[in-house]
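Structure data follow from data.pdb (PDB, C-alpha atoms, pLDDT in the B column):
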MODEL        1
ATOM      1  CA  PRO A   1     107.404  49.740  -6.427  1.00 90.00           C
ATOM      2  CA  ALA A   2     108.212  50.070 -10.101  1.00 93.00           C
ATOM      3  CA  GLY A   3     105.721  51.087 -12.761  1.00 96.00           C
ATOM      4  CA  PHE A   4     103.747  53.403 -10.448  1.00 98.00           C
ATOM      5  CA  LYS A   5     101.018  55.314 -12.339  1.00 98.00           C
ATOM      6  CA  VAL A   6      97.998  57.493 -11.520  1.00 98.00           C
ATOM      7  CA  ARG A   7      95.002  57.646 -13.864  1.00 98.00           C
ATOM      8  CA  LYS A   8      91.666  59.405 -13.699  1.00 97.00           C
ATOM      9  CA  THR A   9      88.471  57.326 -13.811  1.00 96.00           C
ATOM     10  CA  SER A  10      84.877  58.544 -13.697  1.00 93.00           C
ATOM     11  CA  LYS A  11      84.604  58.066  -9.907  1.00 93.00           C
ATOM     12  CA  ALA A  12      88.170  58.031  -8.543  1.00 97.00           C
ATOM     13  CA  LEU A  13      91.879  58.291  -9.192  1.00 98.00           C
ATOM     14  CA  LYS A  14      93.280  54.843  -9.979  1.00 98.00           C
ATOM     15  CA  LEU A  15      96.774  54.059  -8.718  1.00 98.00           C
ATOM     16  CA  THR A  16      98.635  51.043 -10.122  1.00 98.00           C
ATOM     17  CA  TRP A  17     102.116  49.591  -9.630  1.00 98.00           C
ATOM     18  CA  LYS A  18     104.057  46.399 -10.199  1.00 97.00           C
ATOM     19  CA  LYS A  19     104.032  43.899  -7.344  1.00 96.00           C
ATOM     20  CA  ARG A  20     107.289  43.571  -5.472  1.00 93.00           C
ATOM     21  CA  SER A  21     108.652  40.169  -4.493  1.00 92.00           C
ATOM     22  CA  GLY A  22     108.612  39.709  -0.714  1.00 92.00           C
ATOM     23  CA  ALA A  23     106.175  42.550  -0.079  1.00 96.00           C
ATOM     24  CA  ARG A  24     103.863  42.124   2.905  1.00 96.00           C
ATOM     25  CA  SER A  25     101.597  45.066   1.966  1.00 97.00           C
ATOM     26  CA  TYR A  26     101.733  48.466   0.273  1.00 98.00           C
ATOM     27  CA  HIS A  27     101.252  51.877   1.870  1.00 97.00           C
ATOM     28  CA  VAL A  28      99.695  54.658  -0.214  1.00 98.00           C
ATOM     29  CA  TRP A  29     100.635  58.242   0.666  1.00 98.00           C
ATOM     30  CA  ARG A  30      98.994  61.439  -0.632  1.00 98.00           C
ATOM     31  CA  ARG A  31      99.365  65.200  -0.427  1.00 97.00           C
ATOM     32  CA  ALA A  32      97.099  67.852  -1.897  1.00 93.00           C
ATOM     33  CA  ALA A  33      99.624  70.601  -2.533  1.00 82.00           C
ATOM     34  CA  LYS A  34     103.111  70.723  -3.962  1.00 78.00           C
ATOM     35  CA  GLY A  35     105.432  71.025  -0.989  1.00 81.00           C
ATOM     36  CA  GLY A  36     102.740  69.846   1.429  1.00 89.00           C
ATOM     37  CA  THR A  37     102.996  66.945   3.849  1.00 95.00           C
ATOM     38  CA  TYR A  38     102.243  63.400   2.731  1.00 96.00           C
ATOM     39  CA  GLU A  39      99.669  61.440   4.738  1.00 97.00           C
ATOM     40  CA  LYS A  40      99.167  57.691   4.612  1.00 97.00           C
ATOM     41  CA  ILE A  41      95.692  57.114   3.181  1.00 98.00           C
ATOM     42  CA  ALA A  42      95.648  53.345   2.689  1.00 98.00           C
ATOM     43  CA  THR A  43      97.288  50.004   3.291  1.00 97.00           C
ATOM     44  CA  VAL A  44      96.822  47.629   0.363  1.00 98.00           C
ATOM     45  CA  SER A  45      97.146  43.835   0.470  1.00 97.00           C
ATOM     46  CA  LYS A  46     100.255  42.203  -0.974  1.00 96.00           C
ATOM     47  CA  TYR A  47      97.917  40.432  -3.423  1.00 97.00           C
ATOM     48  CA  SER A  48      96.828  43.702  -5.053  1.00 97.00           C
ATOM     49  CA  SER A  49      98.676  46.294  -7.118  1.00 97.00           C
ATOM     50  CA  THR A  50      95.781  48.732  -7.511  1.00 98.00           C
ATOM     51  CA  TYR A  51      94.169  51.353  -5.285  1.00 98.00           C
ATOM     52  CA  TYR A  52      91.205  53.607  -6.083  1.00 98.00           C
ATOM     53  CA  ASP A  53      91.241  56.958  -4.279  1.00 98.00           C
ATOM     54  CA  LYS A  54      87.515  57.664  -4.079  1.00 97.00           C
ATOM     55  CA  THR A  55      88.035  60.472  -1.540  1.00 96.00           C
ATOM     56  CA  ALA A  56      89.903  62.682  -4.026  1.00 96.00           C
ATOM     57  CA  LYS A  57      87.945  65.881  -4.607  1.00 94.00           C
ATOM     58  CA  LYS A  58      87.135  67.047  -8.124  1.00 93.00           C
ATOM     59  CA  GLY A  59      89.416  69.762  -9.457  1.00 92.00           C
ATOM     60  CA  VAL A  60      92.158  69.185  -6.857  1.00 94.00           C
ATOM     61  CA  LYS A  61      95.594  68.015  -7.955  1.00 95.00           C
ATOM     62  CA  TYR A  62      97.053  65.316  -5.711  1.00 97.00           C
ATOM     63  CA  TYR A  63     100.525  63.859  -5.432  1.00 97.00           C
ATOM     64  CA  TYR A  64     100.959  60.188  -4.518  1.00 98.00           C
ATOM     65  CA  ARG A  65     103.734  57.862  -3.433  1.00 98.00           C
ATOM     66  CA  VAL A  66     103.653  54.129  -2.714  1.00 98.00           C
ATOM     67  CA  CYS A  67     105.995  51.920  -0.725  1.00 97.00           C
ATOM     68  CA  ALA A  68     106.093  48.198  -0.058  1.00 97.00           C
ATOM     69  CA  THR A  69     106.383  46.858   3.478  1.00 97.00           C
ATOM     70  CA  GLN A  70     108.400  43.810   4.460  1.00 94.00           C
ATOM     71  CA  ARG A  71     108.883  41.703   7.558  1.00 90.00           C
ATOM     72  CA  VAL A  72     112.414  42.109   8.974  1.00 91.00           C
ATOM     73  CA  ALA A  73     113.495  40.515  12.267  1.00 92.00           C
ATOM     74  CA  GLY A  74     109.867  40.126  13.328  1.00 90.00           C
ATOM     75  CA  LYS A  75     108.911  43.734  12.556  1.00 92.00           C
ATOM     76  CA  THR A  76     107.072  45.276   9.608  1.00 90.00           C
ATOM     77  CA  VAL A  77     109.209  47.961   7.978  1.00 93.00           C
ATOM     78  CA  GLN A  78     108.621  50.270   5.029  1.00 93.00           C
ATOM     79  CA  GLY A  79     110.796  49.975   1.967  1.00 92.00           C
ATOM     80  CA  ARG A  80     111.890  52.746  -0.347  1.00 93.00           C
ATOM     81  CA  MET A  81     109.188  55.186  -1.451  1.00 94.00           C
ATOM     82  CA  SER A  82     108.267  55.381  -5.114  1.00 96.00           C
ATOM     83  CA  GLY A  83     108.758  58.602  -6.990  1.00 95.00           C
ATOM     84  CA  ALA A  84     105.826  60.992  -6.744  1.00 96.00           C
ATOM     85  CA  ARG A  85     103.076  60.859  -9.361  1.00 97.00           C
ATOM     86  CA  SER A  86     100.255  63.381  -9.690  1.00 97.00           C
ATOM     87  CA  GLY A  87      96.637  63.237 -10.747  1.00 97.00           C
ATOM     88  CA  ARG A  88      93.568  65.461 -10.820  1.00 95.00           C
ATOM     89  CA  ARG A  89      90.036  64.168 -10.547  1.00 91.00           C
TER      90      ARG A  89
ENDMDL
END
Could you write out this structure as structure tokens?
Amino acid sequence: PAGFKVRKTSKALKLTWKKRSGARSYHVWRRAAKGGTYEKIATVSKYSSTYYDKTAKKGVKYYYRVCATQRVAGKTVQGRMSGARSGRR
């Protein structure tokens, strides 16, 4: 999704993006090290464009990506991944 941003709050890293028309949900992916492997950490409702990563550890830099899912021929498929954005709690 467009407009993907990561911001630090007092208790979490806040991820925001612009809703995508036709999206069924959004998958949030995270890695803790540059060059590491991304893991899916959340599935967010199509009605939301915000996710708070409350499991992020203080002092660790994380990299995030988000992708929308859609229903195609009766199956849920992932769309294109956003560009990576980083944040440190």
### Query
Expanded to explicit residues, what is the PyMOL selection byres ((chain A and resi 16) around 6) for this file, as a list in words?
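Against this file, the PyMOL selection byres ((chain A and resi 16) around 6) returns the residues Phe4, Lys5, Leu15, Trp17, Ser49 and Thr50 of chain A.
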### Task
Go through A:Val6, A:Cys67, A:Ala56, A:Met81 one by one, measure the shortest atom-to-atom distance of each to A:Arg24 using all atoms listed in the file, and give the residue with the smallest value.
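Closest candidate: A:Cys67.
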### Query
So how far away is atom CA of A:Lys11 from atom CA of A:Lys34, in Å?
23.2 Å
### Task
Run the PyMOL selection byres ((chain A and resi 9) around 10) on the file and write out the hits as a VMD selection string.
chain A and resid 6 to 8 10 to 14 52 to 54 89
### Query
Mind pulling up the distance from atom CA of A:Ser82 to atom CA of A:Pro1?
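Atom CA of A:Ser82 lies at a distance of 5.9 Å from atom CA of A:Pro1.
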### Query
Hey, which of A:Thr37, A:Tyr47, A:Lys18, A:Ala23 ends up closest to A:Gly79? Count all atoms listed in the file.
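Between A:Thr37, A:Tyr47, A:Lys18, A:Ala23, the residue approaching A:Gly79 most closely is A:Ala23.
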### Query
Separation of atom CA of A:Arg20 and atom CA of A:Arg88, in Å?
26.4 Å
Write out as lines of an AutoDock Vina configuration file an axis-aligned box for stretch 60-69 of chain A: all of its atoms listed in the file, 3 Å added on each side, centre and edge lengths in Å with one decimal.
center_x = 99.3
center_y = 58.0
center_z = -2.2
size_x = 20.2
size_y = 28.3
size_z = 17.4
Missing atoms of stretch 35-46 of chain A rebuilt to all heavy atoms, written as an mmCIF file, keeping the file's coordinate frame:
data_model
loop_
_atom_site.group_PDB
_atom_site.id
_atom_site.type_symbol
_atom_site.label_atom_id
_atom_site.label_comp_id
_atom_site.auth_asym_id
_atom_site.auth_seq_id
_atom_site.Cartn_x
_atom_site.Cartn_y
_atom_site.Cartn_z
ATOM 1 N N GLY A 35 104.720 70.547 -2.168
ATOM 2 C CA GLY A 35 105.432 71.025 -0.989
ATOM 3 C C GLY A 35 104.703 70.743 0.310
ATOM 4 O O GLY A 35 105.222 71.017 1.384
ATOM 5 N N GLY A 36 103.498 70.183 0.229
ATOM 6 C CA GLY A 36 102.740 69.846 1.429
ATOM 7 C C GLY A 36 103.250 68.566 2.062
ATOM 8 O O GLY A 36 104.208 67.945 1.593
ATOM 9 N N THR A 37 102.598 68.140 3.123
ATOM 10 C CA THR A 37 102.996 66.945 3.849
ATOM 11 C C THR A 37 102.206 65.735 3.358
ATOM 12 O O THR A 37 100.988 65.804 3.207
ATOM 13 C CB THR A 37 102.721 67.130 5.366
ATOM 14 O OG1 THR A 37 103.421 68.291 5.810
ATOM 15 C CG2 THR A 37 103.181 65.930 6.154
ATOM 16 N N TYR A 38 102.906 64.640 3.130
ATOM 17 C CA TYR A 38 102.243 63.400 2.731
ATOM 18 C C TYR A 38 101.577 62.758 3.939
ATOM 19 O O TYR A 38 102.132 62.765 5.038
ATOM 20 C CB TYR A 38 103.249 62.401 2.142
ATOM 21 C CG TYR A 38 103.588 62.672 0.709
ATOM 22 C CD1 TYR A 38 104.704 63.419 0.370
ATOM 23 C CD2 TYR A 38 102.794 62.180 -0.319
ATOM 24 C CE1 TYR A 38 105.034 63.661 -0.956
ATOM 25 C CE2 TYR A 38 103.110 62.419 -1.653
ATOM 26 C CZ TYR A 38 104.226 63.153 -1.955
ATOM 27 O OH TYR A 38 104.540 63.398 -3.271
ATOM 28 N N GLU A 39 100.377 62.202 3.715
ATOM 29 C CA GLU A 39 99.669 61.440 4.738
ATOM 30 C C GLU A 39 99.375 60.059 4.191
ATOM 31 O O GLU A 39 99.012 59.915 3.016
ATOM 32 C CB GLU A 39 98.344 62.124 5.094
ATOM 33 C CG GLU A 39 98.514 63.463 5.764
ATOM 34 C CD GLU A 39 97.163 64.060 6.147
ATOM 35 O OE1 GLU A 39 96.213 63.306 6.403
ATOM 36 O OE2 GLU A 39 97.073 65.293 6.165
ATOM 37 N N LYS A 40 99.504 59.050 5.042
ATOM 38 C CA LYS A 40 99.167 57.691 4.612
ATOM 39 C C LYS A 40 97.651 57.578 4.538
ATOM 40 O O LYS A 40 96.958 57.843 5.513
ATOM 41 C CB LYS A 40 99.729 56.648 5.577
ATOM 42 C CG LYS A 40 99.527 55.229 5.070
ATOM 43 C CD LYS A 40 100.295 54.207 5.886
ATOM 44 C CE LYS A 40 99.565 53.925 7.168
ATOM 45 N NZ LYS A 40 100.107 52.765 7.895
ATOM 46 N N ILE A 41 97.143 57.197 3.365
ATOM 47 C CA ILE A 41 95.692 57.114 3.181
ATOM 48 C C ILE A 41 95.194 55.680 3.067
ATOM 49 O O ILE A 41 93.998 55.439 3.142
ATOM 50 C CB ILE A 41 95.213 57.943 1.975
ATOM 51 C CG1 ILE A 41 95.849 57.445 0.673
ATOM 52 C CG2 ILE A 41 95.465 59.421 2.204
ATOM 53 C CD1 ILE A 41 95.218 58.021 -0.584
ATOM 54 N N ALA A 42 96.110 54.727 2.853
ATOM 55 C CA ALA A 42 95.648 53.345 2.689
ATOM 56 C C ALA A 42 96.789 52.357 2.872
ATOM 57 O O ALA A 42 97.948 52.673 2.631
ATOM 58 C CB ALA A 42 95.034 53.149 1.313
ATOM 59 N N THR A 43 96.407 51.161 3.302
ATOM 60 C CA THR A 43 97.288 50.004 3.291
ATOM 61 C C THR A 43 96.625 48.979 2.385
ATOM 62 O O THR A 43 95.456 48.637 2.583
ATOM 63 C CB THR A 43 97.476 49.427 4.701
ATOM 64 O OG1 THR A 43 98.070 50.435 5.539
ATOM 65 C CG2 THR A 43 98.375 48.200 4.680
ATOM 66 N N VAL A 44 97.356 48.526 1.382
ATOM 67 C CA VAL A 44 96.822 47.629 0.363
ATOM 68 C C VAL A 44 97.470 46.251 0.520
ATOM 69 O O VAL A 44 98.673 46.143 0.763
ATOM 70 C CB VAL A 44 97.096 48.194 -1.048
ATOM 71 C CG1 VAL A 44 96.584 47.270 -2.140
ATOM 72 C CG2 VAL A 44 96.476 49.584 -1.189
ATOM 73 N N SER A 45 96.680 45.215 0.362
ATOM 74 C CA SER A 45 97.146 43.835 0.470
ATOM 75 C C SER A 45 98.286 43.536 -0.495
ATOM 76 O O SER A 45 98.341 44.084 -1.597
ATOM 77 C CB SER A 45 95.978 42.886 0.184
ATOM 78 O OG SER A 45 96.449 41.591 -0.105
ATOM 79 N N LYS A 46 99.156 42.617 -0.097
ATOM 80 C CA LYS A 46 100.255 42.203 -0.974
ATOM 81 C C LYS A 46 99.751 41.537 -2.249
ATOM 82 O O LYS A 46 100.473 41.425 -3.228
ATOM 83 C CB LYS A 46 101.198 41.257 -0.245
ATOM 84 C CG LYS A 46 100.604 39.902 0.079
ATOM 85 C CD LYS A 46 101.627 39.032 0.787
ATOM 86 C CE LYS A 46 101.073 37.670 1.134
ATOM 87 N NZ LYS A 46 102.095 36.840 1.784
#
